[in-house]
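To be precise, the following lines are final_0.cif, and they hold mmCIF, C-alpha atoms.
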```cif
data_input
loop_
_atom_site.label_atom_id
_atom_site.label_comp_id
_atom_site.auth_asym_id
_atom_site.auth_seq_id
_atom_site.Cartn_x
_atom_site.Cartn_y
_atom_site.Cartn_z
CA GLN A 300 0.00 0.00 0.00
CA LYS A 301 1.31 3.42 -0.95
CA GLU A 302 1.71 5.98 1.81
CA VAL A 303 -0.32 8.50 -0.18
CA GLU A 304 -3.13 7.50 -2.50
CA GLN A 305 -4.54 9.82 -5.13
CA ASP A 306 -6.89 9.03 -7.98
CA PRO A 307 -4.97 9.82 -11.19
CA GLY A 308 -8.12 10.66 -13.12
CA PRO A 309 -8.31 12.13 -15.68
CA LEU A 310 -11.06 14.40 -14.45
CA SER A 311 -12.95 16.47 -16.99
CA VAL A 312 -15.37 19.23 -15.98
CA PRO A 313 -17.11 22.15 -17.70
CA GLU A 314 -15.95 25.68 -17.06
CA GLY A 315 -17.45 27.13 -13.89
CA ALA A 316 -17.83 23.77 -12.15
CA ILE A 317 -16.68 23.04 -8.63
CA VAL A 318 -13.80 20.58 -8.63
CA SER A 319 -13.03 18.24 -5.76
CA LEU A 320 -9.63 16.54 -5.57
CA ASN A 321 -8.78 14.09 -2.83
CA CYS A 322 -5.95 12.16 -1.24
CA THR A 323 -5.82 9.59 1.50
CA TYR A 324 -2.79 8.63 3.53
CA SER A 325 -1.74 5.94 5.93
CA ASN A 326 1.14 7.48 7.88
CA SER A 327 0.03 9.19 11.08
CA ALA A 328 3.38 10.97 11.22
CA PHE A 329 2.41 13.32 8.40
CA GLN A 330 1.99 16.77 9.87
CA TYR A 331 2.12 19.11 6.89
CA PHE A 332 -0.13 18.90 3.87
CA MET A 333 0.28 20.62 0.55
CA TRP A 334 -1.31 20.88 -2.84
CA TYR A 335 0.80 21.59 -5.89
CA ARG A 336 -0.22 22.33 -9.45
CA GLN A 337 1.96 21.08 -12.26
CA TYR A 338 1.62 22.05 -15.88
CA SER A 339 3.06 19.77 -18.52
CA ARG A 340 6.86 19.73 -18.52
CA LYS A 341 7.07 22.24 -15.68
CA GLY A 342 8.01 22.07 -12.01
CA PRO A 343 5.27 21.89 -9.36
CA GLU A 344 3.81 25.19 -8.16
CA LEU A 345 2.67 25.46 -4.55
CA LEU A 346 -1.05 26.20 -4.23
CA MET A 347 -1.95 25.50 -0.62
CA TYR A 348 -0.08 24.60 2.54
CA THR A 349 -1.60 23.64 5.86
CA TYR A 350 -0.67 21.78 9.00
CA SER A 351 -3.89 21.46 10.95
CA SER A 352 -7.26 19.85 10.49
CA GLY A 353 -9.93 22.10 9.09
CA ASN A 354 -10.32 24.35 6.10
CA LYS A 355 -8.02 26.92 4.56
CA GLU A 356 -9.21 29.21 1.82
CA ASP A 357 -7.26 31.19 -0.75
CA GLY A 358 -9.28 32.78 -3.51
CA ARG A 359 -11.02 30.07 -5.50
CA PHE A 360 -9.11 27.33 -3.70
CA THR A 361 -10.04 25.65 -0.42
CA ALA A 362 -7.88 23.00 1.22
CA GLN A 363 -9.46 20.68 3.73
CA VAL A 364 -7.65 18.33 6.10
CA ASP A 365 -9.23 15.63 8.24
CA LYS A 366 -6.47 14.03 10.25
CA SER A 367 -8.81 11.65 12.04
CA SER A 368 -9.80 10.12 8.70
CA LYS A 369 -6.38 10.66 7.09
CA TYR A 370 -8.03 12.45 4.22
CA ILE A 371 -7.31 15.73 2.50
CA SER A 372 -9.16 17.58 -0.22
CA LEU A 373 -8.72 20.52 -2.54
CA PHE A 374 -11.77 22.33 -3.85
CA ILE A 375 -11.62 24.66 -6.84
CA ARG A 376 -14.59 26.97 -7.30
CA ASP A 377 -15.58 28.52 -10.61
CA SER A 378 -13.04 26.40 -12.45
CA GLN A 379 -11.37 27.94 -15.48
CA PRO A 380 -9.70 26.37 -18.53
CA SER A 381 -6.41 27.73 -17.18
CA ASP A 382 -6.87 25.42 -14.18
CA SER A 383 -6.28 22.47 -16.50
CA ALA A 384 -3.19 20.79 -15.08
CA THR A 385 -2.06 17.95 -12.86
CA TYR A 386 -2.73 18.47 -9.17
CA LEU A 387 -0.42 16.76 -6.71
CA CYS A 388 -1.03 16.33 -3.02
CA ALA A 389 2.08 16.14 -0.88
CA MET A 390 2.73 15.41 2.76
CA GLU A 391 5.62 15.89 5.10
CA PRO A 392 6.39 13.85 8.24
CA GLY A 393 7.41 16.52 10.72
CA ASN A 394 9.63 19.37 9.65
CA THR A 395 11.96 17.20 7.58
CA GLY A 396 11.53 18.89 4.24
CA LYS A 397 11.02 15.51 2.62
CA LEU A 398 7.76 15.41 0.73
CA ILE A 399 5.78 12.31 -0.13
CA PHE A 400 3.64 12.90 -3.18
CA GLY A 401 0.44 11.39 -4.41
CA GLN A 402 0.30 10.20 -7.98
CA GLY A 403 -1.38 13.39 -9.17
CA THR A 404 -4.81 13.98 -10.67
CA THR A 405 -5.03 15.30 -14.21
CA LEU A 406 -7.77 17.91 -14.50
CA GLN A 407 -9.24 19.26 -17.71
CA VAL A 408 -11.63 22.19 -17.60
CA LYS A 409 -13.52 22.53 -20.85
CA PRO A 410 -14.67 25.97 -22.05
CA GLY B 269 7.30 33.06 -3.00
CA ALA B 270 10.84 31.81 -3.15
CA VAL B 271 12.33 31.22 -6.58
CA VAL B 272 14.42 28.23 -7.51
CA SER B 273 16.08 27.87 -10.90
CA GLN B 274 17.52 24.90 -12.72
CA HIS B 275 19.93 24.59 -15.59
CA PRO B 276 19.76 23.21 -18.17
CA SER B 277 16.02 22.91 -18.77
CA TRP B 278 16.57 19.95 -21.04
CA VAL B 279 19.49 17.83 -22.16
CA ILE B 280 20.01 15.01 -24.63
CA CYS B 281 23.10 12.86 -24.27
CA LYS B 282 24.58 9.62 -25.45
CA SER B 283 24.57 6.54 -23.28
CA GLY B 284 27.66 6.38 -21.10
CA THR B 285 28.20 10.10 -20.74
CA SER B 286 27.77 12.14 -17.56
CA VAL B 287 25.34 15.00 -17.19
CA LYS B 288 25.41 17.77 -14.60
CA ILE B 289 22.26 19.58 -13.51
CA GLU B 290 22.39 22.77 -11.46
CA CYS B 291 19.85 23.95 -8.93
CA ARG B 292 20.04 27.51 -7.62
CA SER B 293 18.08 29.34 -4.97
CA LEU B 294 17.61 32.91 -6.14
CA ASP B 295 17.89 35.72 -3.59
CA PHE B 296 17.81 33.40 -0.62
CA GLN B 297 20.12 30.84 0.96
CA ALA B 298 19.34 27.17 1.20
CA THR B 299 21.48 24.97 3.40
CA THR B 300 19.36 22.05 2.30
CA MET B 301 17.98 21.21 -1.10
CA PHE B 302 16.14 18.17 -2.35
CA TRP B 303 16.34 16.27 -5.61
CA TYR B 304 13.32 14.49 -7.06
CA ARG B 305 12.79 12.39 -10.15
CA GLN B 306 9.57 12.10 -12.09
CA PHE B 307 8.90 9.52 -14.78
CA PRO B 308 6.14 10.16 -17.35
CA LYS B 309 2.64 10.12 -15.86
CA GLN B 310 4.07 9.30 -12.45
CA SER B 311 4.55 11.29 -9.30
CA LEU B 312 7.68 12.87 -7.91
CA MET B 313 9.96 10.55 -6.01
CA LEU B 314 12.53 11.91 -3.61
CA MET B 315 16.04 10.84 -4.56
CA ALA B 316 18.29 12.59 -2.08
CA THR B 317 18.80 15.45 0.32
CA SER B 318 21.61 17.83 -0.52
CA ASN B 319 23.35 19.38 2.47
CA GLU B 320 25.64 22.38 2.21
CA GLY B 321 29.06 21.51 3.56
CA SER B 322 28.40 17.81 4.09
CA LYS B 323 27.54 14.66 2.22
CA ALA B 324 24.18 14.17 0.64
CA THR B 325 21.80 11.62 2.07
CA TYR B 326 20.15 9.26 -0.38
CA GLU B 327 16.78 7.56 -0.27
CA GLN B 328 16.61 3.81 -0.29
CA GLY B 329 17.25 2.34 -3.71
CA VAL B 330 19.05 5.38 -5.10
CA GLU B 331 22.65 4.71 -6.13
CA LYS B 332 24.84 7.37 -4.61
CA ASP B 333 27.74 6.56 -6.94
CA LYS B 334 25.54 7.07 -9.95
CA PHE B 335 23.82 10.24 -8.81
CA LEU B 336 26.53 12.48 -7.42
CA ILE B 337 25.34 15.47 -5.44
CA ASN B 338 27.46 18.45 -4.50
CA HIS B 339 26.14 21.36 -2.46
CA ALA B 340 28.90 23.79 -3.32
CA SER B 341 27.45 26.91 -1.74
CA LEU B 342 24.40 28.17 0.09
CA THR B 343 22.67 28.86 -3.21
CA LEU B 344 23.86 26.03 -5.47
CA SER B 345 23.41 22.28 -5.54
CA THR B 346 24.41 20.09 -8.46
CA LEU B 347 23.28 16.62 -9.46
CA THR B 348 25.55 14.66 -11.78
CA VAL B 349 24.15 11.60 -13.49
CA THR B 350 27.23 9.50 -14.17
CA SER B 351 27.47 7.03 -17.04
CA ALA B 352 23.89 7.76 -17.99
CA HIS B 353 21.77 5.05 -19.56
CA PRO B 354 18.39 5.24 -21.32
CA GLU B 355 16.60 4.15 -18.14
CA ASP B 356 17.91 7.32 -16.48
CA SER B 357 15.82 9.39 -18.87
CA SER B 358 13.46 11.31 -16.66
CA PHE B 359 12.41 14.72 -15.35
CA TYR B 360 14.71 15.83 -12.54
CA ILE B 361 13.42 18.50 -10.19
CA CYS B 362 15.06 20.20 -7.23
CA SER B 363 13.45 22.01 -4.35
CA ALA B 364 14.48 24.26 -1.51
CA PRO B 365 12.72 25.27 1.70
CA GLY B 366 11.10 28.68 1.75
CA ARG B 367 12.79 31.65 3.34
CA VAL B 368 10.31 31.92 6.20
CA SER B 369 10.55 29.37 8.99
CA GLY B 370 7.87 26.75 8.55
CA GLU B 371 7.35 27.41 4.84
CA THR B 372 7.27 24.39 2.66
CA GLN B 373 9.27 23.50 -0.41
CA TYR B 374 9.56 25.56 -3.56
CA PHE B 375 10.41 23.68 -6.70
CA GLY B 376 12.58 24.48 -9.64
CA PRO B 377 11.23 24.25 -13.20
CA GLY B 378 12.83 20.85 -13.73
CA THR B 379 15.38 19.39 -16.13
CA ARG B 380 14.32 16.90 -18.73
CA LEU B 381 17.02 14.33 -19.47
CA LEU B 382 16.93 12.08 -22.49
CA VAL B 383 19.63 9.48 -22.81
CA LEU B 384 19.97 7.93 -26.24
#
```

When written as structure tokens, how does the structure in this file appear?
Amino acid sequence: QKEVEQDPGPLSVPEGAIVSLNCTYSNSAFQYFMWYRQYSRKGPELLMYTYSSGNKEDGRFTAQVDKSSKYISLFIRDSQPSDSATYLCAMEPGNTGKLIFGQGTTLQVKP
Amino acid sequence: GAVVSQHPSWVICKSGTSVKIECRSLDFQATTMFWYRQFPKQSLMLMATSNEGSKATYEQGVEKDKFLINHASLTLSTLTVTSAHPEDSSFYICSAPGRVSGETQYFGPGTRLLVL
């Protein structure tokens, strides 16, 4: 079993839709949770970073962490074609700097 | 956010040659940097931790003699793929911690390596 599980998709939605991306994990030592966006042939770009259970909002993006269920989510409101990319969840056990990534979910937002 | 650069952005080489990839933290110092590898349609896998002034630490299954890491200064880490083979073809990405304590990793744009 992988430490971090993420549905690779692909996920296709119409413009304006609400997108829900999810990851589950098995390691209770994970303390920091991140979402990255990666465009084709580019490095990952940090979208959201949180270390506690609950919700964190930034513009159209909301990150949700449920440590009791070992489940994290990223919601994208009013999705745009420019949101089409691969979204990677990542987790860090303590303040080690070492990130464990999910497989990534490919999202396509159709105009 | 912090900016990390990589050079070159892509490289094609013949089998058996060595390739050096540079990772630089721009306008901030990074005593630690990380090297990841990403195969097509797969996630990033941590290869090693680069430590300024000391030896790199490698993840299990990564050959340290094949992937040489040198953290020459507080803003530069290099990864050398020695005697590259076609199976080493991949997307190599470095990262560095943010400038503010508690910030997470910022990634470089990646280097695409193709070994013929």

Next item on the list: Please identify all polymer residues within 7 Å of Ser357 of chain B, counting only C-alpha atoms, omitting same-chain residues fewer than 6 positions from it, and present them as a ChimeraX atom specification.
Entry: /B:381-383

Next item on the list: Kindly provide, as an MDAnalysis selection string, the residues of chain A having any atom no farther than 6 Å from an atom of chain B, counting all atoms listed in the file.
Entry: chainID A and resid 341:342 402

Carefully work through the PyMOL selection byres ((chain A and resi 319-327) around 6) for this structure and note down the residues it includes, as a JSON list (two decimals) with C-alpha atoms, keeping the file's coordinate frame.
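The result, written out as part31.json:
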```json
[["chain", "number", "residue", "atom", "x", "y", "z"],
["A", 302, "GLU", "CA", 1.71, 5.98, 1.81],
["A", 303, "VAL", "CA", -0.32, 8.50, -0.18],
["A", 304, "GLU", "CA", -3.13, 7.50, -2.50],
["A", 305, "GLN", "CA", -4.54, 9.82, -5.13],
["A", 318, "VAL", "CA", -13.80, 20.58, -8.63],
["A", 328, "ALA", "CA", 3.38, 10.97, 11.22],
["A", 329, "PHE", "CA", 2.41, 13.32, 8.40],
["A", 369, "LYS", "CA", -6.38, 10.66, 7.09],
["A", 370, "TYR", "CA", -8.03, 12.45, 4.22],
["A", 371, "ILE", "CA", -7.31, 15.73, 2.50],
["A", 372, "SER", "CA", -9.16, 17.58, -0.22],
["A", 373, "LEU", "CA", -8.72, 20.52, -2.54],
["A", 374, "PHE", "CA", -11.77, 22.33, -3.85]]
```

Next item on the list: Do a neighbour search on Val408 of chain A at 6 Å with only C-alpha atoms, toss out local chain neighbours closer than 6 positions, and write the hits as a ChimeraX atom specification.
Entry: /A:311-314,380,383

Let me see the file: selected residues, C-alpha atoms, as a PDB file, keeping the file's coordinate frame.
```pdb
ATOM      1  CA  SER A 311     -12.950  16.470 -16.990  1.00  0.00           C
ATOM      2  CA  VAL A 312     -15.370  19.230 -15.980  1.00  0.00           C
ATOM      3  CA  PRO A 313     -17.110  22.150 -17.700  1.00  0.00           C
ATOM      4  CA  GLU A 314     -15.950  25.680 -17.060  1.00  0.00           C
ATOM      5  CA  PRO A 380      -9.700  26.370 -18.530  1.00  0.00           C
ATOM      6  CA  SER A 383      -6.280  22.470 -16.500  1.00  0.00           C
TER       7      SER A 383
END
```

Item checked: Option closest in space to Ser322 of chain B, from B:Cys281, B:Ile337, B:Ala352, B:Cys291 [counting only C-alpha atoms] -> B:Ile337

Next item on the list: Report as a PyMOL selection string the residues that result from applying the PyMOL selection byres ((chain B and resi 349) around 10) to the structure here.
Entry: chain B and resi 284-289+332-337+346-348+350-353+356+381

Next item on the list: Please measure the separation of atom CA of Asn319 of chain B and atom CA of Ser345 of chain B, giving the value in Å to one decimal.
Entry: 8.5 Å

Next item on the list: Tell me which of B:Phe307, B:Glu327, B:Val271, B:Asn338 sits closest to Leu294 of chain B, counting only C-alpha atoms.
Entry: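 Looking at the shortest contact to Leu294 of chain B, the residue is B:Val271.
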
Notebook entry, point to check: By how many Å are atom CA of Pro276 of chain B and atom CA of Glu290 of chain B apart?
Noted result: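 Result for atom CA of Pro276 of chain B versus atom CA of Glu290 of chain B: 7.2 Å, one decimal.
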
Run the PyMOL selection byres ((chain A and resi 384-393) around 7) against the file shown and list the residues it catches, as a tab-separated table (two decimals) with C-alpha atoms, in the coordinates of the input.
```
chain	number	residue	atom	x	y	z
A	322	CYS	CA	-5.95	12.16	-1.24
A	328	ALA	CA	3.38	10.97	11.22
A	329	PHE	CA	2.41	13.32	8.40
A	330	GLN	CA	1.99	16.77	9.87
A	331	TYR	CA	2.12	19.11	6.89
A	332	PHE	CA	-0.13	18.90	3.87
A	333	MET	CA	0.28	20.62	0.55
A	334	TRP	CA	-1.31	20.88	-2.84
A	335	TYR	CA	0.80	21.59	-5.89
A	336	ARG	CA	-0.22	22.33	-9.45
A	337	GLN	CA	1.96	21.08	-12.26
A	338	TYR	CA	1.62	22.05	-15.88
A	382	ASP	CA	-6.87	25.42	-14.18
A	383	SER	CA	-6.28	22.47	-16.50
A	394	ASN	CA	9.63	19.37	9.65
A	395	THR	CA	11.96	17.20	7.58
A	396	GLY	CA	11.53	18.89	4.24
A	397	LYS	CA	11.02	15.51	2.62
A	398	LEU	CA	7.76	15.41	0.73
A	399	ILE	CA	5.78	12.31	-0.13
A	400	PHE	CA	3.64	12.90	-3.18
A	401	GLY	CA	0.44	11.39	-4.41
A	402	GLN	CA	0.30	10.20	-7.98
A	403	GLY	CA	-1.38	13.39	-9.17
A	404	THR	CA	-4.81	13.98	-10.67
A	405	THR	CA	-5.03	15.30	-14.21
A	406	LEU	CA	-7.77	17.91	-14.50
A	407	GLN	CA	-9.24	19.26	-17.71
```

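With all atoms listed in the file as the atoms that count, the minimum distance from Ser339 of chain A to the choices B:Thr343, B:Ser318, B:Gln306, B:Gln328 is reached by B:Gln306.
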
Notebook entry, point to check: Quick one: distance from atom CA of Leu310 of chain A to atom CA of Asp377 of chain A in Å, one decimal?
Noted result: 15.3 Å
